[in-house]
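Text of entry.cif (mmCIF, C-alpha atoms and all ligand atoms) as supplied:
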```cif
data_protein
loop_
_atom_site.group_PDB
_atom_site.id
_atom_site.type_symbol
_atom_site.label_atom_id
_atom_site.label_comp_id
_atom_site.auth_asym_id
_atom_site.auth_seq_id
_atom_site.Cartn_x
_atom_site.Cartn_y
_atom_site.Cartn_z
ATOM 1 C CA MET U 372 -39.469 -9.886 3.300
ATOM 2 C CA GLY U 373 -38.099 -8.277 0.103
ATOM 3 C CA VAL U 374 -35.140 -9.992 -1.560
ATOM 4 C CA ALA U 375 -33.522 -8.469 -4.657
ATOM 5 C CA ILE U 376 -30.347 -9.086 -6.644
ATOM 6 C CA GLU U 377 -28.826 -6.001 -8.248
ATOM 7 C CA LYS U 378 -25.618 -4.936 -9.919
ATOM 8 C CA LEU U 379 -23.191 -3.667 -7.260
ATOM 9 C CA ARG U 380 -23.078 0.096 -6.715
ATOM 10 C CA ASP U 381 -20.003 1.933 -5.403
ATOM 11 C CA SER U 382 -21.907 2.643 -2.188
ATOM 12 C CA ASP U 383 -22.218 -1.151 -1.563
ATOM 13 C CA LYS U 384 -18.440 -1.692 -1.412
ATOM 14 C CA PRO U 385 -18.025 -1.100 2.373
ATOM 15 C CA GLN U 386 -20.764 -3.680 3.116
ATOM 16 C CA VAL U 387 -19.123 -6.150 0.729
ATOM 17 C CA MET U 388 -15.774 -5.636 2.498
ATOM 18 C CA THR U 389 -17.484 -6.347 5.855
ATOM 19 C CA LEU U 390 -18.848 -9.643 4.479
ATOM 20 C CA LEU U 391 -15.407 -10.497 3.032
ATOM 21 C CA LYS U 392 -13.857 -10.019 6.499
ATOM 22 C CA GLN U 393 -16.434 -12.451 7.924
ATOM 23 C CA VAL U 394 -14.972 -15.192 5.683
ATOM 24 C CA ASN U 395 -11.317 -14.059 5.890
ATOM 25 C CA MET U 396 -11.254 -13.164 2.179
ATOM 26 C CA HIS U 397 -10.567 -9.457 2.578
ATOM 27 C CA TYR U 398 -6.870 -9.567 1.563
ATOM 28 C CA VAL U 399 -7.189 -7.363 -1.524
ATOM 29 C CA PRO U 400 -4.909 -6.459 -3.196
ATOM 30 C CA SER U 401 -2.767 -9.532 -2.528
ATOM 31 C CA PRO U 402 -1.143 -12.275 -4.636
ATOM 32 C CA GLU U 403 -4.312 -14.363 -4.155
ATOM 33 C CA MET U 404 -6.608 -11.509 -5.221
ATOM 34 C CA PRO U 405 -4.693 -8.664 -6.913
ATOM 35 C CA GLU U 406 -7.902 -6.807 -7.697
ATOM 36 C CA ILE U 407 -11.654 -7.264 -7.664
ATOM 37 C CA SER U 408 -13.529 -7.200 -11.022
ATOM 38 C CA TRP U 409 -16.141 -4.851 -9.516
ATOM 39 C CA GLU U 410 -17.919 -4.394 -12.872
ATOM 40 C CA ASN U 411 -19.011 -8.048 -12.700
ATOM 41 C CA TYR U 412 -20.333 -7.997 -9.134
ATOM 42 C CA ALA U 413 -23.886 -8.216 -7.850
ATOM 43 C CA VAL U 414 -25.323 -7.905 -4.367
ATOM 44 C CA ILE U 415 -28.369 -9.477 -2.795
ATOM 45 C CA ARG U 416 -30.391 -7.237 -0.502
ATOM 46 C CA MET U 417 -32.861 -8.298 2.125
ATOM 47 C CA ASP U 418 -35.161 -5.460 3.096
ATOM 48 C CA GLY U 419 -32.582 -3.074 1.616
ATOM 49 C CA LYS U 420 -29.532 -4.454 3.486
ATOM 50 C CA VAL U 421 -26.678 -6.161 1.587
ATOM 51 C CA VAL U 422 -26.619 -9.758 2.895
ATOM 52 C CA GLY U 423 -24.551 -11.366 0.146
ATOM 53 C CA PHE U 424 -22.625 -10.731 -3.036
ATOM 54 C CA CYS U 425 -20.908 -12.530 -5.915
ATOM 55 C CA GLY U 426 -18.661 -11.753 -8.871
ATOM 56 C CA TYR U 427 -16.736 -13.239 -11.728
ATOM 57 C CA LYS U 428 -13.830 -12.615 -14.068
ATOM 58 C CA ILE U 429 -13.803 -13.201 -17.839
ATOM 59 C CA LEU U 430 -10.658 -15.116 -18.901
ATOM 60 C CA SER U 431 -11.273 -15.441 -22.682
ATOM 61 C CA ASP U 432 -14.152 -15.466 -25.213
ATOM 62 C CA CYS U 433 -15.439 -18.749 -23.816
ATOM 63 C CA GLU U 434 -13.868 -19.124 -20.351
ATOM 64 C CA ALA U 435 -14.507 -17.432 -17.033
ATOM 65 C CA LYS U 436 -13.760 -17.893 -13.386
ATOM 66 C CA THR U 437 -15.987 -17.086 -10.453
ATOM 67 C CA GLU U 438 -14.444 -14.583 -8.064
ATOM 68 C CA LEU U 439 -15.639 -13.925 -4.567
ATOM 69 C CA MET U 440 -19.000 -14.893 -3.107
ATOM 70 C CA ALA U 441 -20.333 -14.859 0.426
ATOM 71 C CA VAL U 442 -23.663 -14.777 2.207
ATOM 72 C CA ASP U 443 -23.898 -13.215 5.675
ATOM 73 C CA LYS U 444 -23.537 -15.961 8.312
ATOM 74 C CA ALA U 445 -26.849 -14.884 9.839
ATOM 75 C CA CYS U 446 -28.668 -15.454 6.523
ATOM 76 C CA ARG U 447 -27.269 -18.784 5.285
ATOM 77 C CA GLY U 448 -29.471 -21.763 4.369
ATOM 78 C CA MET U 449 -32.274 -19.497 3.112
ATOM 79 C CA GLY U 450 -31.600 -20.003 -0.594
ATOM 80 C CA LEU U 451 -29.736 -16.695 -1.090
ATOM 81 C CA GLY U 452 -26.504 -18.360 -2.224
ATOM 82 C CA VAL U 453 -28.356 -20.458 -4.816
ATOM 83 C CA LYS U 454 -29.971 -17.241 -6.127
ATOM 84 C CA LEU U 455 -26.608 -15.453 -6.372
ATOM 85 C CA GLN U 456 -24.793 -18.349 -8.043
ATOM 86 C CA THR U 457 -27.683 -18.870 -10.516
ATOM 87 C CA TYR U 458 -27.637 -15.148 -11.322
ATOM 88 C CA ARG U 459 -23.911 -15.042 -12.088
ATOM 89 C CA MET U 460 -24.025 -18.283 -14.107
ATOM 90 C CA GLU U 461 -26.899 -16.861 -16.219
ATOM 91 C CA GLN U 462 -24.977 -13.614 -16.775
ATOM 92 C CA MET U 463 -21.873 -15.475 -17.935
ATOM 93 C CA ALA U 464 -23.879 -17.891 -20.138
ATOM 94 C CA ARG U 465 -25.480 -14.869 -21.875
ATOM 95 C CA ARG U 466 -21.999 -13.510 -22.560
ATOM 96 C CA GLY U 467 -21.110 -16.742 -24.397
ATOM 97 C CA ILE U 468 -19.005 -18.338 -21.652
ATOM 98 C CA LYS U 469 -18.851 -22.110 -22.069
ATOM 99 C CA THR U 470 -16.414 -23.244 -19.386
ATOM 100 C CA LEU U 471 -16.587 -21.935 -15.849
ATOM 101 C CA ILE U 472 -13.937 -22.510 -13.175
ATOM 102 C CA THR U 473 -14.355 -22.019 -9.425
ATOM 103 C CA ASN U 474 -11.631 -22.346 -6.800
ATOM 104 C CA CYS U 475 -13.043 -23.210 -3.412
ATOM 105 C CA ASP U 476 -11.586 -24.290 -0.051
ATOM 106 C CA ARG U 477 -14.487 -25.118 2.333
ATOM 107 C CA PRO U 478 -15.574 -28.773 1.987
ATOM 108 C CA GLU U 479 -19.222 -27.815 2.569
ATOM 109 C CA SER U 480 -19.109 -25.129 -0.155
ATOM 110 C CA ILE U 481 -17.389 -27.567 -2.573
ATOM 111 C CA ALA U 482 -20.193 -30.080 -1.919
ATOM 112 C CA TRP U 483 -22.758 -27.288 -2.429
ATOM 113 C CA TYR U 484 -21.352 -26.328 -5.870
ATOM 114 C CA ILE U 485 -21.302 -29.976 -6.966
ATOM 115 C CA LYS U 486 -24.795 -30.749 -5.676
ATOM 116 C CA HIS U 487 -26.629 -27.675 -6.927
ATOM 117 C CA PHE U 488 -24.736 -26.621 -10.039
ATOM 118 C CA GLY U 489 -23.195 -29.732 -11.607
ATOM 119 C CA TYR U 490 -19.538 -28.867 -11.062
ATOM 120 C CA GLU U 491 -16.798 -31.515 -11.129
ATOM 121 C CA LYS U 492 -13.482 -31.487 -9.289
ATOM 122 C CA VAL U 493 -10.615 -31.016 -11.774
ATOM 123 C CA GLY U 494 -7.571 -30.251 -9.614
ATOM 124 C CA LYS U 495 -5.881 -28.658 -6.623
ATOM 125 C CA LEU U 496 -3.993 -25.382 -6.377
ATOM 126 C CA LYS U 497 -1.727 -24.380 -3.488
ATOM 127 C CA LYS U 498 -2.715 -21.084 -1.840
ATOM 128 C CA GLU U 499 -0.090 -18.345 -2.076
ATOM 129 C CA HIS U 500 -0.884 -17.168 1.460
ATOM 130 C CA GLU U 501 -3.674 -17.199 4.013
ATOM 131 C CA PHE U 502 -6.990 -16.491 2.317
ATOM 132 C CA GLY U 503 -10.321 -17.987 3.310
ATOM 133 C CA VAL U 504 -10.169 -20.905 5.751
ATOM 134 C CA PRO U 505 -6.802 -20.462 7.557
ATOM 135 C CA ASP U 506 -6.015 -24.164 8.064
ATOM 136 C CA ILE U 507 -6.805 -25.235 4.471
ATOM 137 C CA ASP U 508 -3.707 -24.525 2.364
ATOM 138 C CA CYS U 509 -5.007 -25.363 -1.114
ATOM 139 C CA TRP U 510 -7.928 -24.610 -3.386
ATOM 140 C CA THR U 511 -9.993 -27.349 -4.971
ATOM 141 C CA THR U 512 -10.546 -26.363 -8.597
ATOM 142 C CA LEU U 513 -14.075 -27.059 -9.812
ATOM 143 C CA GLN U 514 -15.310 -26.850 -13.384
ATOM 144 C CA VAL U 515 -18.754 -26.780 -14.989
ATOM 145 C CA ASP U 516 -19.959 -26.865 -18.613
ATOM 146 C CA LEU U 517 -21.914 -23.609 -18.545
ATOM 147 C CA GLU U 518 -23.577 -24.111 -21.938
ATOM 148 C CA LYS U 519 -25.036 -27.424 -20.767
ATOM 149 C CA TRP U 520 -26.036 -25.947 -17.393
ATOM 150 C CA ALA U 521 -27.873 -23.075 -19.145
ATOM 151 C CA GLU U 522 -29.779 -25.506 -21.415
ATOM 152 C CA ASP U 523 -30.792 -27.705 -18.464
ATOM 153 C CA PHE U 524 -31.722 -24.636 -16.393
ATOM 154 C CA LYS U 525 -34.009 -23.323 -19.190
ATOM 155 C CA LYS U 526 -35.752 -26.726 -19.399
ATOM 156 C CA VAL U 527 -36.359 -26.809 -15.626
ATOM 157 C CA ALA U 528 -37.642 -23.200 -15.683
ATOM 158 C CA ALA U 529 -40.008 -24.034 -18.616
ATOM 159 C CA ASP U 530 -41.426 -27.054 -16.727
ATOM 160 C CA GLU U 531 -42.185 -24.995 -13.614
HETATM 161 C C1 LIG N 1 -21.480 -21.049 -0.053
HETATM 162 C C2 LIG N 1 -22.501 -20.018 0.396
HETATM 163 C C3 LIG N 1 -22.380 -18.761 -0.490
HETATM 164 C C4 LIG N 1 -23.916 -20.609 0.241
HETATM 165 O O1 LIG N 1 -24.853 -19.621 0.614
HETATM 166 P P1 LIG N 1 -26.266 -19.964 1.306
HETATM 167 O O2 LIG N 1 -27.125 -18.762 1.155
HETATM 168 O O3 LIG N 1 -26.063 -20.497 2.673
HETATM 169 O O4 LIG N 1 -26.779 -21.147 0.347
HETATM 170 P P2 LIG N 1 -28.275 -21.613 0.127
HETATM 171 O O5 LIG N 1 -29.120 -21.256 1.295
HETATM 172 O O6 LIG N 1 -28.701 -21.105 -1.190
HETATM 173 O O7 LIG N 1 -28.067 -23.157 0.079
HETATM 174 C C5 LIG N 1 -27.726 -23.820 1.290
HETATM 175 C C6 LIG N 1 -28.707 -24.918 1.580
HETATM 176 O O8 LIG N 1 -29.992 -24.388 1.902
HETATM 177 C C7 LIG N 1 -30.970 -25.000 1.053
HETATM 178 N N1 LIG N 1 -32.009 -24.022 0.690
HETATM 179 C C8 LIG N 1 -32.252 -23.503 -0.518
HETATM 180 N N2 LIG N 1 -33.317 -22.686 -0.488
HETATM 181 C C9 LIG N 1 -33.725 -22.689 0.798
HETATM 182 C C10 LIG N 1 -34.765 -22.019 1.452
HETATM 183 N N3 LIG N 1 -35.599 -21.182 0.811
HETATM 184 N N4 LIG N 1 -34.869 -22.211 2.779
HETATM 185 C C11 LIG N 1 -34.029 -23.053 3.439
HETATM 186 N N5 LIG N 1 -33.024 -23.707 2.836
HETATM 187 C C12 LIG N 1 -32.881 -23.538 1.540
HETATM 188 C C13 LIG N 1 -30.222 -25.419 -0.125
HETATM 189 O O9 LIG N 1 -30.903 -26.509 -0.757
HETATM 190 C C14 LIG N 1 -28.895 -25.834 0.447
HETATM 191 O O10 LIG N 1 -28.980 -27.168 0.896
HETATM 192 P P3 LIG N 1 -27.720 -28.129 1.045
HETATM 193 O O11 LIG N 1 -27.254 -27.942 2.442
HETATM 194 O O12 LIG N 1 -28.276 -29.472 0.810
HETATM 195 O O13 LIG N 1 -26.681 -27.719 0.045
HETATM 196 C C15 LIG N 1 -22.324 -19.637 1.905
HETATM 197 O O14 LIG N 1 -22.340 -20.824 2.657
HETATM 198 C C16 LIG N 1 -21.048 -18.887 2.220
HETATM 199 O O15 LIG N 1 -21.008 -17.655 2.158
HETATM 200 N N6 LIG N 1 -19.963 -19.619 2.599
HETATM 201 C C17 LIG N 1 -18.689 -19.059 3.019
HETATM 202 C C18 LIG N 1 -17.934 -18.447 1.882
HETATM 203 C C19 LIG N 1 -17.736 -19.416 0.742
HETATM 204 O O16 LIG N 1 -17.437 -20.588 0.897
HETATM 205 N N7 LIG N 1 -17.929 -18.865 -0.476
HETATM 206 C C20 LIG N 1 -17.703 -19.596 -1.706
HETATM 207 C C21 LIG N 1 -16.292 -19.316 -2.069
HETATM 208 S S1 LIG N 1 -15.795 -20.212 -3.498
#
```
As C-alpha cells, how would this structure be written, given the file I've shared?
Ligand SMILES: CC(C)(COP(=O)(O)OP(=O)(O)OC[C@H]1O[C@@H](n2cnc3c(N)ncnc32)[C@H](O)[C@@H]1OP(=O)(O)O)[C@@H](O)C(=O)NCCC(=O)NCCS
Amino acid sequence: MGVAIEKLRDSDKPQVMTLLKQVNMHYVPSPEMPEISWENYAVIRMDGKVVGFCGYKILSDCEAKTELMAVDKACRGMGLGVKLQTYRMEQMARRGIKTLITNCDRPESIAWYIKHFGYEKVGKLKKEHEFGVPDIDCWTTLQVDLEKWAEDFKKVAADE
C-alpha cells in the first residue's frame, strides 16, 4: 500500500471538497471560512487516491492557524491524520512560526490534538453558523508552542 503526502494540485480540489462534505465543512466561502489558503494545502494519497488533506494560514511572522483537515471516514485510525498534522507542523516550523492555533469542535479530535501534539486549550469561540458538527455551537481554541514541538520532534526522530 503506497501512502504519500504531496502539495495539493488544482486537480485535487474536487476530491478535497468531497471530503469536506463528509465532515460538514464545505461551506466556503462563508463567514466561518471566507476562503481557503490553497497554497498551504497538502493531500495524502493512498494508492493514488486522495484520502485526506490539511492546510494552514499564516497570521504574522511568528503566528499561524491550522485551517481545514479531514481524513476519509473509511481510512481513519491508520495513522494518516498524524502524518498530515506532523507534515503541516513541520512546514510551519520551517517558516519560523512559533505559536500555532487550532479551532476544533469534535471532542475526540480535541483529545487527539492534545494527546499527540502537545496542544493546550486556551479558549472558546462561538460559531458564526453551522460548520462542522451541527449540534456543537462553539469552537475550542487550542494552542501549541511550535518551536518547542519542533525541537522535541527532532530529538525523537534522532533517537529512532
Ligand atoms: C482528526 C482526524 C483528522 C484524525 O485522523 P486519523 O487518520 O483518524 O488519525 P490517526 O489514525 O493518525 O490517529 C488516530 C488514532 O489511531 C492511532 N494510530 C496511529 N497510527 C496508527 C496505525 N498505523 N494504525 C492504527 N492506528 C494508528 C493513533 O495513535 C490514534 O490513536 P488515539 O485514538 O489514541 O488518538 C480525523 O479523525 C478526522 O478527519 N476527523 C473529522 C474532522 C476533524 O475533526 N478534523 C479536525 C478539524 S480541527
Taking only C-alpha atoms and all ligand atoms into account, report as a list in words which residues have an atom no farther than 6 Å from an atom of ligand LIG 1 (chain N).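 The residues within 6 Å of ligand LIG 1 (chain N), counting only C-alpha atoms and all ligand atoms, are Val394, Leu439, Met440, Ala441, Val442, Arg447, Gly448, Met449, Gly450, Leu451, Gly452, Val453, Asn474, Cys475, Arg477, Ser480 and Trp483 of chain U.
We find atom CA of U:Val374 and atom CA of U:Met417 to be spaced 4.7 Å apart.
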Quick one: everything within 12 Å of U:Glu406, counting only C-alpha atoms, minus sequence neighbours fewer than 4 positions away in the same chain. Send it as a PyMOL selection string. chain U and resi 397-402+410+426-428+438-439
Report as a VMD selection string all protein, DNA and RNA residues lying within 10 Å of U:His487, evaluated on all atoms listed in the file, omitting residues in the same chain fewer than 2 positions from it. chain U and resid 453 456 to 457 482 to 485 489 to 490
Residues from the last selection, C-alpha atoms, saved as a CSV table (one decimal), in the coordinates of the input:
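Produced file again.csv, reproduced below:
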```csv
chain,number,residue,atom,x,y,z
U,453,VAL,CA,-28.4,-20.5,-4.8
U,456,GLN,CA,-24.8,-18.3,-8.0
U,457,THR,CA,-27.7,-18.9,-10.5
U,482,ALA,CA,-20.2,-30.1,-1.9
U,483,TRP,CA,-22.8,-27.3,-2.4
U,484,TYR,CA,-21.4,-26.3,-5.9
U,485,ILE,CA,-21.3,-30.0,-7.0
U,489,GLY,CA,-23.2,-29.7,-11.6
U,490,TYR,CA,-19.5,-28.9,-11.1
```
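Nearest to U:Glu434 of all the residues U:Lys420, U:Arg466, U:Arg459, U:Lys486 is U:Arg466, based on only C-alpha atoms.
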N, CA and C atoms restored at stretch 399-426 of chain U, emitted as a PDB file, in the frame of the given file:
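For reference, selection.pdb as written:
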```pdb
ATOM      1  N   VAL U 399      -7.164  -7.908  -0.168  1.00  0.00           N
ATOM      2  CA  VAL U 399      -7.189  -7.363  -1.524  1.00  0.00           C
ATOM      3  C   VAL U 399      -6.635  -5.939  -1.473  1.00  0.00           C
ATOM      4  N   PRO U 400      -5.602  -5.590  -2.252  1.00  0.00           N
ATOM      5  CA  PRO U 400      -4.909  -6.459  -3.196  1.00  0.00           C
ATOM      6  C   PRO U 400      -3.915  -7.371  -2.480  1.00  0.00           C
ATOM      7  N   SER U 401      -3.737  -8.569  -3.045  1.00  0.00           N
ATOM      8  CA  SER U 401      -2.767  -9.532  -2.528  1.00  0.00           C
ATOM      9  C   SER U 401      -2.463 -10.495  -3.680  1.00  0.00           C
ATOM     10  N   PRO U 402      -1.419 -11.324  -3.546  1.00  0.00           N
ATOM     11  CA  PRO U 402      -1.143 -12.275  -4.636  1.00  0.00           C
ATOM     12  C   PRO U 402      -2.358 -13.163  -4.935  1.00  0.00           C
ATOM     13  N   GLU U 403      -3.119 -13.527  -3.917  1.00  0.00           N
ATOM     14  CA  GLU U 403      -4.312 -14.363  -4.155  1.00  0.00           C
ATOM     15  C   GLU U 403      -5.409 -13.587  -4.895  1.00  0.00           C
ATOM     16  N   MET U 404      -5.532 -12.318  -4.615  1.00  0.00           N
ATOM     17  CA  MET U 404      -6.608 -11.509  -5.221  1.00  0.00           C
ATOM     18  C   MET U 404      -6.061 -10.100  -5.497  1.00  0.00           C
ATOM     19  N   PRO U 405      -5.320  -9.959  -6.633  1.00  0.00           N
ATOM     20  CA  PRO U 405      -4.693  -8.664  -6.913  1.00  0.00           C
ATOM     21  C   PRO U 405      -5.714  -7.537  -7.021  1.00  0.00           C
ATOM     22  N   GLU U 406      -6.863  -7.835  -7.624  1.00  0.00           N
ATOM     23  CA  GLU U 406      -7.902  -6.807  -7.697  1.00  0.00           C
ATOM     24  C   GLU U 406      -9.259  -7.486  -7.845  1.00  0.00           C
ATOM     25  N   ILE U 407     -10.290  -6.736  -7.545  1.00  0.00           N
ATOM     26  CA  ILE U 407     -11.654  -7.264  -7.664  1.00  0.00           C
ATOM     27  C   ILE U 407     -12.253  -6.733  -8.966  1.00  0.00           C
ATOM     28  N   SER U 408     -12.891  -7.617  -9.750  1.00  0.00           N
ATOM     29  CA  SER U 408     -13.529  -7.200 -11.022  1.00  0.00           C
ATOM     30  C   SER U 408     -14.898  -6.592 -10.712  1.00  0.00           C
ATOM     31  N   TRP U 409     -14.892  -5.432 -10.048  1.00  0.00           N
ATOM     32  CA  TRP U 409     -16.141  -4.851  -9.516  1.00  0.00           C
ATOM     33  C   TRP U 409     -17.255  -4.771 -10.551  1.00  0.00           C
ATOM     34  N   GLU U 410     -16.878  -4.565 -11.836  1.00  0.00           N
ATOM     35  CA  GLU U 410     -17.919  -4.394 -12.872  1.00  0.00           C
ATOM     36  C   GLU U 410     -18.774  -5.649 -13.046  1.00  0.00           C
ATOM     37  N   ASN U 411     -18.264  -6.784 -12.567  1.00  0.00           N
ATOM     38  CA  ASN U 411     -19.011  -8.048 -12.700  1.00  0.00           C
ATOM     39  C   ASN U 411     -19.571  -8.524 -11.358  1.00  0.00           C
ATOM     40  N   TYR U 412     -19.824  -7.604 -10.455  1.00  0.00           N
ATOM     41  CA  TYR U 412     -20.333  -7.997  -9.134  1.00  0.00           C
ATOM     42  C   TYR U 412     -21.815  -7.646  -8.973  1.00  0.00           C
ATOM     43  N   ALA U 413     -22.480  -8.473  -8.190  1.00  0.00           N
ATOM     44  CA  ALA U 413     -23.886  -8.216  -7.850  1.00  0.00           C
ATOM     45  C   ALA U 413     -24.046  -8.402  -6.351  1.00  0.00           C
ATOM     46  N   VAL U 414     -25.029  -7.734  -5.796  1.00  0.00           N
ATOM     47  CA  VAL U 414     -25.323  -7.905  -4.367  1.00  0.00           C
ATOM     48  C   VAL U 414     -26.748  -8.411  -4.222  1.00  0.00           C
ATOM     49  N   ILE U 415     -26.995  -9.089  -3.105  1.00  0.00           N
ATOM     50  CA  ILE U 415     -28.369  -9.477  -2.795  1.00  0.00           C
ATOM     51  C   ILE U 415     -28.766  -8.706  -1.540  1.00  0.00           C
ATOM     52  N   ARG U 416     -29.904  -8.041  -1.628  1.00  0.00           N
ATOM     53  CA  ARG U 416     -30.391  -7.237  -0.502  1.00  0.00           C
ATOM     54  C   ARG U 416     -31.613  -7.900   0.107  1.00  0.00           C
ATOM     55  N   MET U 417     -31.663  -7.832   1.424  1.00  0.00           N
ATOM     56  CA  MET U 417     -32.861  -8.298   2.125  1.00  0.00           C
ATOM     57  C   MET U 417     -33.394  -7.088   2.876  1.00  0.00           C
ATOM     58  N   ASP U 418     -34.586  -6.681   2.535  1.00  0.00           N
ATOM     59  CA  ASP U 418     -35.161  -5.460   3.096  1.00  0.00           C
ATOM     60  C   ASP U 418     -34.155  -4.298   3.023  1.00  0.00           C
ATOM     61  N   GLY U 419     -33.487  -4.195   1.876  1.00  0.00           N
ATOM     62  CA  GLY U 419     -32.582  -3.074   1.616  1.00  0.00           C
ATOM     63  C   GLY U 419     -31.152  -3.287   2.062  1.00  0.00           C
ATOM     64  N   LYS U 420     -30.882  -4.256   2.956  1.00  0.00           N
ATOM     65  CA  LYS U 420     -29.532  -4.454   3.486  1.00  0.00           C
ATOM     66  C   LYS U 420     -28.768  -5.484   2.632  1.00  0.00           C
ATOM     67  N   VAL U 421     -27.489  -5.198   2.349  1.00  0.00           N
ATOM     68  CA  VAL U 421     -26.678  -6.161   1.587  1.00  0.00           C
ATOM     69  C   VAL U 421     -26.365  -7.356   2.490  1.00  0.00           C
ATOM     70  N   VAL U 422     -26.851  -8.549   2.087  1.00  0.00           N
ATOM     71  CA  VAL U 422     -26.619  -9.758   2.895  1.00  0.00           C
ATOM     72  C   VAL U 422     -25.810 -10.798   2.127  1.00  0.00           C
ATOM     73  N   GLY U 423     -25.392 -10.451   0.908  1.00  0.00           N
ATOM     74  CA  GLY U 423     -24.551 -11.366   0.146  1.00  0.00           C
ATOM     75  C   GLY U 423     -24.112 -10.701  -1.144  1.00  0.00           C
ATOM     76  N   PHE U 424     -23.116 -11.291  -1.774  1.00  0.00           N
ATOM     77  CA  PHE U 424     -22.625 -10.731  -3.036  1.00  0.00           C
ATOM     78  C   PHE U 424     -21.897 -11.837  -3.806  1.00  0.00           C
ATOM     79  N   CYS U 425     -21.697 -11.590  -5.100  1.00  0.00           N
ATOM     80  CA  CYS U 425     -20.908 -12.530  -5.915  1.00  0.00           C
ATOM     81  C   CYS U 425     -20.331 -11.778  -7.102  1.00  0.00           C
ATOM     82  N   GLY U 426     -19.265 -12.369  -7.693  1.00  0.00           N
ATOM     83  CA  GLY U 426     -18.661 -11.753  -8.871  1.00  0.00           C
ATOM     84  C   GLY U 426     -17.955 -12.783  -9.715  1.00  0.00           C
TER      85      GLY U 426
END
```
